[in-house]
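Below is query.cif, which holds mmCIF, N, CA and C atoms and all ligand atoms.
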```cif
data_protein
loop_
_atom_site.group_PDB
_atom_site.id
_atom_site.type_symbol
_atom_site.label_atom_id
_atom_site.label_comp_id
_atom_site.auth_asym_id
_atom_site.auth_seq_id
_atom_site.Cartn_x
_atom_site.Cartn_y
_atom_site.Cartn_z
ATOM 1 N N ASN A 1 160.268 146.203 123.612
ATOM 2 C CA ASN A 1 158.838 145.984 123.897
ATOM 3 C C ASN A 1 158.682 144.869 124.929
ATOM 4 N N SER A 2 157.825 145.110 125.905
ATOM 5 C CA SER A 2 157.636 144.077 126.928
ATOM 6 C C SER A 2 156.632 143.053 126.440
ATOM 7 N N ASN A 3 156.924 141.810 126.769
ATOM 8 C CA ASN A 3 156.114 140.702 126.276
ATOM 9 C C ASN A 3 155.759 139.807 127.460
ATOM 10 N N TRP A 4 154.693 140.195 128.175
ATOM 11 C CA TRP A 4 154.290 139.450 129.370
ATOM 12 C C TRP A 4 153.364 138.310 128.966
ATOM 13 N N ILE A 5 153.694 137.112 129.395
ATOM 14 C CA ILE A 5 152.887 135.946 129.035
ATOM 15 C C ILE A 5 152.271 135.342 130.290
ATOM 16 N N ASP A 6 150.964 135.094 130.211
ATOM 17 C CA ASP A 6 150.228 134.463 131.298
ATOM 18 C C ASP A 6 150.674 133.004 131.401
ATOM 19 N N ALA A 7 151.384 132.659 132.491
ATOM 20 C CA ALA A 7 151.984 131.331 132.590
ATOM 21 C C ALA A 7 151.084 130.322 133.290
ATOM 22 N N THR A 8 150.514 130.719 134.419
ATOM 23 C CA THR A 8 149.723 129.771 135.208
ATOM 24 C C THR A 8 149.059 130.506 136.359
ATOM 25 N N GLU A 9 148.295 129.751 137.168
ATOM 26 C CA GLU A 9 147.734 130.297 138.400
ATOM 27 C C GLU A 9 148.823 130.413 139.453
ATOM 28 N N GLU A 10 148.757 131.474 140.244
ATOM 29 C CA GLU A 10 149.728 131.645 141.326
ATOM 30 C C GLU A 10 149.681 130.441 142.272
ATOM 31 N N ASP A 11 148.491 129.938 142.550
ATOM 32 C CA ASP A 11 148.337 128.846 143.510
ATOM 33 C C ASP A 11 148.873 127.513 143.003
ATOM 34 N N SER A 12 149.145 127.413 141.714
ATOM 35 C CA SER A 12 149.638 126.134 141.209
ATOM 36 C C SER A 12 151.136 125.971 141.428
ATOM 37 N N VAL A 13 151.802 127.014 141.946
ATOM 38 C CA VAL A 13 153.217 126.890 142.316
ATOM 39 C C VAL A 13 153.276 126.671 143.829
ATOM 40 N N PRO A 14 153.669 125.482 144.276
ATOM 41 C CA PRO A 14 153.684 125.209 145.714
ATOM 42 C C PRO A 14 154.779 126.004 146.418
ATOM 43 N N GLU A 15 154.508 126.379 147.664
ATOM 44 C CA GLU A 15 155.485 127.113 148.470
ATOM 45 C C GLU A 15 156.760 126.281 148.643
ATOM 46 N N ASP A 16 157.921 126.955 148.549
ATOM 47 C CA ASP A 16 159.226 126.294 148.710
ATOM 48 C C ASP A 16 159.392 125.112 147.771
ATOM 49 N N ASP A 17 158.919 125.306 146.535
ATOM 50 C CA ASP A 17 159.034 124.218 145.569
ATOM 51 C C ASP A 17 159.159 124.806 144.163
ATOM 52 N N VAL A 18 159.322 123.925 143.199
ATOM 53 C CA VAL A 18 159.563 124.324 141.815
ATOM 54 C C VAL A 18 158.692 123.469 140.902
ATOM 55 N N ILE A 19 158.175 124.101 139.845
ATOM 56 C CA ILE A 19 157.463 123.350 138.812
ATOM 57 C C ILE A 19 158.040 123.742 137.455
ATOM 58 N N GLY A 20 157.876 122.859 136.478
ATOM 59 C CA GLY A 20 158.295 123.159 135.119
ATOM 60 C C GLY A 20 157.081 123.268 134.223
ATOM 61 N N LEU A 21 157.102 124.207 133.293
ATOM 62 C CA LEU A 21 155.991 124.326 132.346
ATOM 63 C C LEU A 21 156.450 125.097 131.106
ATOM 64 N N GLN A 22 155.649 124.978 130.055
ATOM 65 C CA GLN A 22 155.934 125.699 128.817
ATOM 66 C C GLN A 22 155.352 127.104 128.911
ATOM 67 N N VAL A 23 156.192 128.106 128.639
ATOM 68 C CA VAL A 23 155.715 129.491 128.585
ATOM 69 C C VAL A 23 156.265 130.108 127.311
ATOM 70 N N GLY A 24 155.383 130.534 126.445
ATOM 71 C CA GLY A 24 155.823 131.163 125.212
ATOM 72 C C GLY A 24 156.752 130.268 124.400
ATOM 73 N N GLY A 25 156.519 128.958 124.445
ATOM 74 C CA GLY A 25 157.317 128.030 123.664
ATOM 75 C C GLY A 25 158.644 127.656 124.295
ATOM 76 N N ARG A 26 158.895 128.120 125.525
ATOM 77 C CA ARG A 26 160.141 127.752 126.216
ATOM 78 C C ARG A 26 159.826 126.906 127.437
ATOM 79 N N ASP A 27 160.773 126.082 127.825
ATOM 80 C CA ASP A 27 160.650 125.283 129.036
ATOM 81 C C ASP A 27 161.138 126.148 130.206
ATOM 82 N N ILE A 28 160.201 126.494 131.092
ATOM 83 C CA ILE A 28 160.480 127.451 132.164
ATOM 84 C C ILE A 28 160.288 126.772 133.513
ATOM 85 N N ALA A 29 161.133 127.119 134.468
ATOM 86 C CA ALA A 29 160.946 126.685 135.851
ATOM 87 C C ALA A 29 160.402 127.853 136.655
ATOM 88 N N LEU A 30 159.348 127.588 137.435
ATOM 89 C CA LEU A 30 158.791 128.595 138.347
ATOM 90 C C LEU A 30 159.025 128.127 139.774
ATOM 91 N N TYR A 31 159.533 129.044 140.610
ATOM 92 C CA TYR A 31 159.849 128.750 142.005
ATOM 93 C C TYR A 31 159.021 129.658 142.895
ATOM 94 N N LYS A 32 158.615 129.153 144.062
ATOM 95 C CA LYS A 32 157.993 130.037 145.054
ATOM 96 C C LYS A 32 158.778 129.931 146.356
ATOM 97 N N VAL A 33 159.317 131.088 146.789
ATOM 98 C CA VAL A 33 160.076 131.156 148.034
ATOM 99 C C VAL A 33 159.518 132.304 148.869
ATOM 100 N N GLU A 34 159.103 132.003 150.079
ATOM 101 C CA GLU A 34 158.538 132.998 150.994
ATOM 102 C C GLU A 34 157.470 133.837 150.298
ATOM 103 N N GLY A 35 156.627 133.172 149.526
ATOM 104 C CA GLY A 35 155.480 133.830 148.910
ATOM 105 C C GLY A 35 155.780 134.541 147.601
ATOM 106 N N SER A 36 157.057 134.637 147.221
ATOM 107 C CA SER A 36 157.401 135.293 145.957
ATOM 108 C C SER A 36 157.720 134.253 144.888
ATOM 109 N N ILE A 37 157.344 134.582 143.647
ATOM 110 C CA ILE A 37 157.576 133.658 142.542
ATOM 111 C C ILE A 37 158.710 134.172 141.658
ATOM 112 N N PHE A 38 159.579 133.240 141.237
ATOM 113 C CA PHE A 38 160.716 133.548 140.374
ATOM 114 C C PHE A 38 160.693 132.597 139.185
ATOM 115 N N ALA A 39 161.283 133.043 138.056
ATOM 116 C CA ALA A 39 161.276 132.230 136.839
ATOM 117 C C ALA A 39 162.667 132.185 136.233
ATOM 118 N N THR A 40 163.079 130.974 135.810
ATOM 119 C CA THR A 40 164.315 130.815 135.039
ATOM 120 C C THR A 40 164.055 129.818 133.915
ATOM 121 N N ASP A 41 165.010 129.742 132.975
ATOM 122 C CA ASP A 41 164.977 128.620 132.047
ATOM 123 C C ASP A 41 165.031 127.335 132.873
ATOM 124 N N ASN A 42 164.387 126.301 132.342
ATOM 125 C CA ASN A 42 164.307 125.051 133.104
ATOM 126 C C ASN A 42 165.480 124.125 132.822
ATOM 127 N N THR A 43 166.239 124.393 131.767
ATOM 128 C CA THR A 43 167.355 123.519 131.411
ATOM 129 C C THR A 43 168.631 124.030 132.060
ATOM 130 N N CYS A 44 169.334 123.152 132.740
ATOM 131 C CA CYS A 44 170.612 123.488 133.364
ATOM 132 C C CYS A 44 171.599 123.936 132.296
ATOM 133 N N THR A 45 172.482 124.885 132.640
ATOM 134 C CA THR A 45 173.474 125.359 131.678
ATOM 135 C C THR A 45 174.668 124.413 131.576
ATOM 136 N N HIS A 46 174.739 123.425 132.463
ATOM 137 C CA HIS A 46 175.880 122.511 132.468
ATOM 138 C C HIS A 46 175.637 121.279 131.612
ATOM 139 N N GLY A 47 174.429 120.774 131.626
ATOM 140 C CA GLY A 47 174.119 119.566 130.879
ATOM 141 C C GLY A 47 172.634 119.507 130.620
ATOM 142 N N HIS A 48 172.183 118.328 130.205
ATOM 143 C CA HIS A 48 170.777 118.255 129.864
ATOM 144 C C HIS A 48 169.959 117.722 131.029
ATOM 145 N N ALA A 49 169.686 118.588 131.981
ATOM 146 C CA ALA A 49 168.848 118.228 133.114
ATOM 147 C C ALA A 49 167.816 119.326 133.308
ATOM 148 N N ARG A 50 166.667 118.938 133.837
ATOM 149 C CA ARG A 50 165.615 119.925 134.091
ATOM 150 C C ARG A 50 165.679 120.348 135.557
ATOM 151 N N LEU A 51 165.772 121.648 135.756
ATOM 152 C CA LEU A 51 165.908 122.157 137.120
ATOM 153 C C LEU A 51 164.667 121.864 137.958
ATOM 154 N N CYS A 52 163.508 121.719 137.303
ATOM 155 C CA CYS A 52 162.285 121.413 138.066
ATOM 156 C C CYS A 52 162.344 120.031 138.696
ATOM 157 N N ASP A 53 163.305 119.196 138.266
ATOM 158 C CA ASP A 53 163.488 117.884 138.891
ATOM 159 C C ASP A 53 164.517 117.950 140.023
ATOM 160 N N GLY A 54 165.041 119.138 140.271
ATOM 161 C CA GLY A 54 166.056 119.315 141.298
ATOM 162 C C GLY A 54 165.457 119.620 142.660
ATOM 163 N N PHE A 55 166.316 120.096 143.545
ATOM 164 C CA PHE A 55 165.941 120.307 144.939
ATOM 165 C C PHE A 55 166.102 121.790 145.265
ATOM 166 N N LEU A 56 164.990 122.414 145.709
ATOM 167 C CA LEU A 56 165.021 123.837 146.050
ATOM 168 C C LEU A 56 165.318 124.001 147.534
ATOM 169 N N ASP A 57 166.396 124.742 147.824
ATOM 170 C CA ASP A 57 166.789 124.983 149.213
ATOM 171 C C ASP A 57 166.900 126.489 149.393
ATOM 172 N N GLY A 58 165.911 127.101 150.033
ATOM 173 C CA GLY A 58 165.872 128.554 150.117
ATOM 174 C C GLY A 58 165.768 129.132 148.719
ATOM 175 N N TYR A 59 166.693 130.062 148.378
ATOM 176 C CA TYR A 59 166.676 130.681 147.054
ATOM 177 C C TYR A 59 167.573 129.949 146.065
ATOM 178 N N GLU A 60 168.069 128.757 146.439
ATOM 179 C CA GLU A 60 168.970 128.014 145.551
ATOM 180 C C GLU A 60 168.309 126.761 145.021
ATOM 181 N N ILE A 61 168.430 126.568 143.704
ATOM 182 C CA ILE A 61 167.980 125.322 143.096
ATOM 183 C C ILE A 61 169.203 124.461 142.810
ATOM 184 N N GLU A 62 169.126 123.209 143.236
ATOM 185 C CA GLU A 62 170.216 122.271 142.998
ATOM 186 C C GLU A 62 169.836 121.370 141.833
ATOM 187 N N CYS A 63 170.705 121.331 140.832
ATOM 188 C CA CYS A 63 170.462 120.508 139.651
ATOM 189 C C CYS A 63 170.448 119.023 140.037
ATOM 190 N N PRO A 64 169.504 118.253 139.473
ATOM 191 C CA PRO A 64 169.413 116.839 139.846
ATOM 192 C C PRO A 64 170.552 115.981 139.307
ATOM 193 N N LEU A 65 171.297 116.481 138.305
ATOM 194 C CA LEU A 65 172.267 115.613 137.634
ATOM 195 C C LEU A 65 173.648 115.623 138.292
ATOM 196 N N HIS A 66 174.225 116.838 138.503
ATOM 197 C CA HIS A 66 175.563 116.904 139.127
ATOM 198 C C HIS A 66 175.590 117.866 140.312
ATOM 199 N N GLN A 67 174.438 118.228 140.795
ATOM 200 C CA GLN A 67 174.330 119.041 142.014
ATOM 201 C C GLN A 67 174.926 120.440 141.875
ATOM 202 N N GLY A 68 175.011 120.951 140.631
ATOM 203 C CA GLY A 68 175.308 122.375 140.473
ATOM 204 C C GLY A 68 174.150 123.191 141.027
ATOM 205 N N LYS A 69 174.407 124.486 141.321
ATOM 206 C CA LYS A 69 173.351 125.302 141.935
ATOM 207 C C LYS A 69 173.241 126.665 141.262
ATOM 208 N N PHE A 70 172.013 127.181 141.300
ATOM 209 C CA PHE A 70 171.715 128.529 140.802
ATOM 210 C C PHE A 70 170.862 129.271 141.826
ATOM 211 N N ASP A 71 171.070 130.591 141.870
ATOM 212 C CA ASP A 71 170.194 131.464 142.651
ATOM 213 C C ASP A 71 168.953 131.740 141.803
ATOM 214 N N VAL A 72 167.772 131.350 142.286
ATOM 215 C CA VAL A 72 166.559 131.468 141.473
ATOM 216 C C VAL A 72 166.144 132.925 141.272
ATOM 217 N N ARG A 73 166.687 133.853 142.086
ATOM 218 C CA ARG A 73 166.295 135.264 141.966
ATOM 219 C C ARG A 73 166.910 135.934 140.751
ATOM 220 N N ASN A 74 168.094 135.460 140.330
ATOM 221 C CA ASN A 74 168.778 136.137 139.220
ATOM 222 C C ASN A 74 169.452 135.150 138.260
ATOM 223 N N GLY A 75 169.335 133.851 138.531
ATOM 224 C CA GLY A 75 169.907 132.848 137.647
ATOM 225 C C GLY A 75 171.393 132.628 137.810
ATOM 226 N N ARG A 76 172.002 133.291 138.768
ATOM 227 C CA ARG A 76 173.449 133.211 138.926
ATOM 228 C C ARG A 76 173.879 131.797 139.333
ATOM 229 N N GLY A 77 174.871 131.258 138.635
ATOM 230 C CA GLY A 77 175.446 129.980 139.020
ATOM 231 C C GLY A 77 176.214 130.154 140.307
ATOM 232 N N THR A 78 175.935 129.318 141.331
ATOM 233 C CA THR A 78 176.552 129.520 142.647
ATOM 234 C C THR A 78 177.382 128.331 143.109
ATOM 235 N N CYS A 79 177.381 127.245 142.345
ATOM 236 C CA CYS A 79 178.117 126.063 142.806
ATOM 237 C C CYS A 79 178.581 125.246 141.610
ATOM 238 N N ALA A 80 179.833 124.772 141.664
ATOM 239 C CA ALA A 80 180.374 123.897 140.621
ATOM 240 C C ALA A 80 179.525 122.636 140.523
ATOM 241 N N PRO A 81 179.463 122.014 139.332
ATOM 242 C CA PRO A 81 180.243 122.308 138.131
ATOM 243 C C PRO A 81 179.633 123.381 137.221
ATOM 244 N N VAL A 82 178.653 124.128 137.697
ATOM 245 C CA VAL A 82 178.042 125.162 136.873
ATOM 246 C C VAL A 82 179.023 126.311 136.661
ATOM 247 N N THR A 83 179.216 126.719 135.389
ATOM 248 C CA THR A 83 180.086 127.862 135.117
ATOM 249 C C THR A 83 179.336 128.976 134.403
ATOM 250 N N GLU A 84 178.128 128.698 133.993
ATOM 251 C CA GLU A 84 177.363 129.670 133.218
ATOM 252 C C GLU A 84 176.029 129.908 133.921
ATOM 253 N N ASP A 85 175.639 131.184 134.051
ATOM 254 C CA ASP A 85 174.356 131.495 134.679
ATOM 255 C C ASP A 85 173.214 130.966 133.819
ATOM 256 N N VAL A 86 172.072 130.736 134.453
ATOM 257 C CA VAL A 86 170.885 130.352 133.711
ATOM 258 C C VAL A 86 170.051 131.632 133.519
ATOM 259 N N ARG A 87 169.356 131.705 132.401
ATOM 260 C CA ARG A 87 168.576 132.912 132.121
ATOM 261 C C ARG A 87 167.411 133.022 133.109
ATOM 262 N N SER A 88 167.218 134.206 133.667
ATOM 263 C CA SER A 88 166.066 134.416 134.540
ATOM 264 C C SER A 88 165.138 135.439 133.898
ATOM 265 N N TYR A 89 163.896 135.433 134.334
ATOM 266 C CA TYR A 89 162.860 136.257 133.716
ATOM 267 C C TYR A 89 162.110 137.046 134.780
ATOM 268 N N PRO A 90 161.748 138.292 134.463
ATOM 269 C CA PRO A 90 160.891 139.054 135.384
ATOM 270 C C PRO A 90 159.522 138.394 135.524
ATOM 271 N N VAL A 91 158.977 138.450 136.744
ATOM 272 C CA VAL A 91 157.669 137.860 137.049
ATOM 273 C C VAL A 91 156.769 138.936 137.650
ATOM 274 N N ARG A 92 155.512 138.877 137.304
ATOM 275 C CA ARG A 92 154.529 139.804 137.852
ATOM 276 C C ARG A 92 153.274 138.992 138.187
ATOM 277 N N ILE A 93 152.644 139.309 139.314
ATOM 278 C CA ILE A 93 151.408 138.619 139.700
ATOM 279 C C ILE A 93 150.244 139.584 139.483
ATOM 280 N N GLU A 94 149.207 139.098 138.820
ATOM 281 C CA GLU A 94 148.045 139.941 138.585
ATOM 282 C C GLU A 94 146.789 139.079 138.651
ATOM 283 N N ASP A 95 145.857 139.449 139.544
ATOM 284 C CA ASP A 95 144.600 138.708 139.706
ATOM 285 C C ASP A 95 144.846 137.211 139.899
ATOM 286 N N GLY A 96 145.860 136.870 140.696
ATOM 287 C CA GLY A 96 146.114 135.471 140.999
ATOM 288 C C GLY A 96 146.775 134.699 139.866
ATOM 289 N N ARG A 97 147.197 135.400 138.824
ATOM 290 C CA ARG A 97 147.889 134.751 137.707
ATOM 291 C C ARG A 97 149.352 135.165 137.710
ATOM 292 N N VAL A 98 150.197 134.260 137.219
ATOM 293 C CA VAL A 98 151.630 134.531 137.112
ATOM 294 C C VAL A 98 151.947 134.931 135.674
ATOM 295 N N PHE A 99 152.513 136.124 135.513
ATOM 296 C CA PHE A 99 152.947 136.591 134.187
ATOM 297 C C PHE A 99 154.468 136.611 134.141
ATOM 298 N N VAL A 100 155.019 136.094 133.051
ATOM 299 C CA VAL A 100 156.468 136.045 132.870
ATOM 300 C C VAL A 100 156.827 136.900 131.660
ATOM 301 N N GLN A 101 157.835 137.753 131.844
ATOM 302 C CA GLN A 101 158.263 138.610 130.732
ATOM 303 C C GLN A 101 159.312 137.891 129.900
ATOM 304 N N MET A 102 158.948 137.563 128.666
ATOM 305 C CA MET A 102 159.789 136.687 127.850
ATOM 306 C C MET A 102 160.740 137.443 126.933
ATOM 307 N N SER A 103 160.625 138.762 126.818
ATOM 308 C CA SER A 103 161.553 139.471 125.927
ATOM 309 C C SER A 103 161.975 140.781 126.544
HETATM 310 FE FE1 LIG B 201 173.195 120.502 135.921
HETATM 311 FE FE2 LIG B 201 175.432 119.108 135.439
HETATM 312 S S1 LIG B 201 173.580 119.108 134.315
HETATM 313 S S2 LIG B 201 175.019 120.437 137.099
#
```
Show how you would write the structure in this file as structure tokens.
Ligand code: FES
Amino acid sequence: NSNWIDATEEDSVPEDDVIGLQVGGRDIALYKVEGSIFATDNTCTHGHARLCDGFLDGYEIECPLHQGKFDVRNGRGTCAPVTEDVRSYPVRIEDGRVFVQMS
């Protein structure tokens, strides 16, 4: 069963940037790259750092703690010391709102 949750306004995610927020009881990072929005878990898989405090470079988010990297489109770990992908979530835009599929 699909479980789409209204996360926020589309405009509240700045272009080429990342924000963190609670969606469905989880800490989620939302990214906007070239007008498209992507969602992943906000906690790094390597340690206890929030990806929303990191640096977004194109489609890659760099963790603020040890500079590991993930592809925001699919959560794939792309740079050491990250060895585990971060969970990513489908996103849909409707009437200027961002919906994230949590299950
Ligand atoms: Fe993210 Fe170490 S906590 S790379």
List every residue of chain A that has an atom at most 6.5 Å from any atom of ligand LIG 201 (chain B), giving for each one its closest atom pair and the distance in Å to one decimal, counting only N, CA and C atoms and all ligand atoms, sorted by chain and then by ascending residue number, as CSV.
```
residue,atom,partner,partner_atom,distance
A:Cys44,CA,B:LIG201,FE1,4.7
A:Thr45,N,B:LIG201,FE1,5.5
A:His46,C,B:LIG201,S1,4.0
A:Gly47,N,B:LIG201,S1,3.3
A:His48,N,B:LIG201,S1,4.4
A:Ala49,N,B:LIG201,S1,4.6
A:Cys63,CA,B:LIG201,FE1,4.6
A:Pro64,N,B:LIG201,FE1,5.6
A:Leu65,C,B:LIG201,FE2,4.8
A:His66,N,B:LIG201,S2,3.9
A:Gln67,N,B:LIG201,S2,4.3
A:Gly68,N,B:LIG201,S2,3.6
A:Lys69,N,B:LIG201,S2,5.9
A:Ala80,C,B:LIG201,S2,6.1
A:Pro81,N,B:LIG201,S2,5.2
A:Val82,N,B:LIG201,S2,5.2
```
Taking the backbone alone, and naming residues the way the document does, which bits of chain A are strand (DSSP E) by DSSP, as a ChimeraX atom specification? /A:4-9,17-23,26-33,36-41,55-57,60-62,69-71,77-79,88-89,91-94,97-101
Cut-off 7 Å: closest stretch 24-72 of chain A/stretch 88-101 of chain A atom pairs per residue, using all atoms listed in the file, as JSON lines:
```
{"residue": "A:Ile37", "atom": "C", "partner": "A:Val91", "partner_atom": "CA", "distance": 6.0}
{"residue": "A:Phe38", "atom": "CA", "partner": "A:Val91", "partner_atom": "CA", "distance": 6.2}
{"residue": "A:Ala39", "atom": "C", "partner": "A:Tyr89", "partner_atom": "N", "distance": 4.0}
{"residue": "A:Thr40", "atom": "CA", "partner": "A:Ser88", "partner_atom": "CA", "distance": 4.0}
{"residue": "A:Asp41", "atom": "N", "partner": "A:Ser88", "partner_atom": "N", "distance": 5.0}
{"residue": "A:Val72", "atom": "C", "partner": "A:Ser88", "partner_atom": "CA", "distance": 6.9}
```
For the provided coordinates, the residues matched by the PyMOL selection byres (((chain A and resi 29 and name CA) around 9) and not hetatm and name CA) should be stated as number ranges by chain. A: 18-22, 27-28, 30-31, 38-43, 50-52
How many Å lie between atom CA of A:Glu9 and atom CA of A:Met102, rounded to one decimal?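 If I compute the distance from atom CA of A:Glu9 to atom CA of A:Met102, I get 17.2 Å.
If you look at atom N of A:Tyr59 and atom N of A:Gly24, they are 24.7 Å away from each other.
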Please expand the PyMOL selection byres (((chain A and resi 75) around 6) and not hetatm) into the concrete residues it hits in this file, giving the result as number ranges by chain. A: 70-74, 76-77, 85-88
Neighbour list for A:Lys32 as a VMD selection string, cut-off 5 Å, all atoms listed in the file, skip fewer than 5 positions in-chain: chain A and resid 15 to 17 37
